[in-house]
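Asks: To start, I am sharing the structure in question, which I have written as structure tokens.
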Amino acid sequence: MDLARGHVLVCGGTGCTSSNSQKIIEEFEANLAAKGLQDEIKVIRTGCFGLCALGPIVIVYPEGAFYTLVKPEDVSEIVEEHLLKGRIVKRLLYQETIVDDENIKSLNEIDFYKKQDRIALKNCGVINPENIEEYIAFGGYTALGKVLT
């Protein structure tokens with residue numbers, strides 16, 4: 001059972017991977033372990049979020065903070081400020097998500113995503129594409145189950 005109080009989703013798509021997203025994942029894991037947060041915050045490598053020009057992309061839940069152009073050296077600030085102190089790192093936020101000093105928009109409300117109705121790729125950028133348990137948890141193989149029963 002996942003008892004994490006937060007999730008850090010790091011894009012593992014081709015563009016973000018070529019821009020060091022694996023190093024970002026490693027930095028998150030190391031920083032979280034150093035702060036004793038490895039059991040509270042889960043780091044997840046996801047598929048592409050679609051905004052490759054803004055990668056590497058990191059999204060922190062439950063707030064839904066959409067960080068763009070993240071570098072490995074930004075990770076310690078995200079861990080210290082956001083994950084420990086609860087203060088979103090505004091300089092790294094995708095500008096369109098900022099409503100005011102207190103509020104941010106969800107991804108579904110920004111122009112790039114709000115016009116999209118993803119079907120085959122609806123979980124892209126949400127789950128780890130290499131983890132079958134996550135796929136099943138999000139309804140994977142449901143159609144196959146219907147066909148067989």
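Ligands are numbered from 1 in the order shown, residues from 1 within each chain, and chains are lettered A, B, ... in the order they appear in the structure tokens.
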Pick out the residues sitting within 9 Å of region 59-62 of chain A, and hand them over as a list in words; count only C-alpha atoms, and ignore anything fewer than 6 positions along from it in its own chain.

Replies: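 What passes the distance filter is Arg5, Gly6, His7, Val8, Leu9, Val10, Cys11, Thr68, His82 and Leu83 of chain A.
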
Asks: Where does DSSP see strand (DSSP E or B) in region 35-87 of chain A, if you list the residues as an MDAnalysis selection string?

Replies: chainID A and resid 41:46 58:61 65:67

Asks: Deliver the residues from the most recent selection as a file, using C-alpha atoms, as a tab-separated table (two decimals), in the first residue's frame.

Replies:
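That gives us out_39.tsv:
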```tsv
chain	number	residue	atom	x	y	z
A	41	ILE	CA	7.60	11.20	-1.19
A	42	LYS	CA	7.48	8.83	-4.14
A	43	VAL	CA	9.56	9.67	-7.25
A	44	ILE	CA	8.01	8.35	-10.46
A	45	ARG	CA	9.49	8.30	-13.94
A	46	THR	CA	6.65	8.92	-16.40
A	58	VAL	CA	8.65	17.73	-13.06
A	59	ILE	CA	5.18	17.74	-11.53
A	60	VAL	CA	4.74	17.61	-7.76
A	61	TYR	CA	1.48	16.29	-6.31
A	65	ALA	CA	3.03	22.20	-9.37
A	66	PHE	CA	4.20	22.04	-13.00
A	67	TYR	CA	7.94	22.74	-13.04
```

Asks: Determine, counting only C-alpha atoms, which protein, DNA and RNA residues have an atom within 10 Å of an atom of region 13-17 of chain A; residues of the same chain fewer than 6 positions away are not included. Present the result as a ChimeraX atom specification.

Replies: /A:23-24,45-58,69-70,124-125,129

Asks: Since we have the selection now, will you write its residues out, keeping C-alpha atoms, as an mmCIF file, in the first residue's frame?

Replies:
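Saved result, out.cif, follows:
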```cif
data_model
loop_
_atom_site.group_PDB
_atom_site.id
_atom_site.type_symbol
_atom_site.label_atom_id
_atom_site.label_comp_id
_atom_site.auth_asym_id
_atom_site.auth_seq_id
_atom_site.Cartn_x
_atom_site.Cartn_y
_atom_site.Cartn_z
ATOM 1 C CA LYS A 23 19.997 12.607 -13.305
ATOM 2 C CA ILE A 24 17.073 14.643 -11.923
ATOM 3 C CA ARG A 45 9.492 8.296 -13.945
ATOM 4 C CA THR A 46 6.649 8.916 -16.402
ATOM 5 C CA GLY A 47 6.167 9.026 -20.129
ATOM 6 C CA CYS A 48 6.231 12.254 -22.121
ATOM 7 C CA PHE A 49 4.026 15.164 -21.013
ATOM 8 C CA GLY A 50 3.976 16.566 -24.552
ATOM 9 C CA LEU A 51 5.642 19.929 -23.901
ATOM 10 C CA CYS A 52 9.105 18.767 -24.926
ATOM 11 C CA ALA A 53 10.482 22.271 -25.463
ATOM 12 C CA LEU A 54 9.957 22.938 -21.744
ATOM 13 C CA GLY A 55 11.672 19.787 -20.491
ATOM 14 C CA PRO A 56 12.784 18.333 -18.313
ATOM 15 C CA ILE A 57 9.362 18.576 -16.702
ATOM 16 C CA VAL A 58 8.654 17.734 -13.064
ATOM 17 C CA LEU A 69 13.273 23.390 -17.612
ATOM 18 C CA VAL A 70 14.368 21.686 -14.396
ATOM 19 C CA CYS A 124 1.046 9.409 -20.590
ATOM 20 C CA GLY A 125 2.885 11.621 -18.144
ATOM 21 C CA PRO A 129 5.330 3.360 -18.552
#
```

Asks: Give the helix (DSSP H, G or I) residues of chain A, as DSSP finds them on the backbone, and put them as a PyMOL selection string.

Replies: chain A and resi 14-18+21-34+52-54+72-84+90-92+95-97+107-109+111-114+132-137+142-148

Asks: For CA of Gln22 (chain A) and CA of Ser76 (chain A), determine how far apart the two atoms are, in Å to one decimal place.

Replies: 15.2 Å
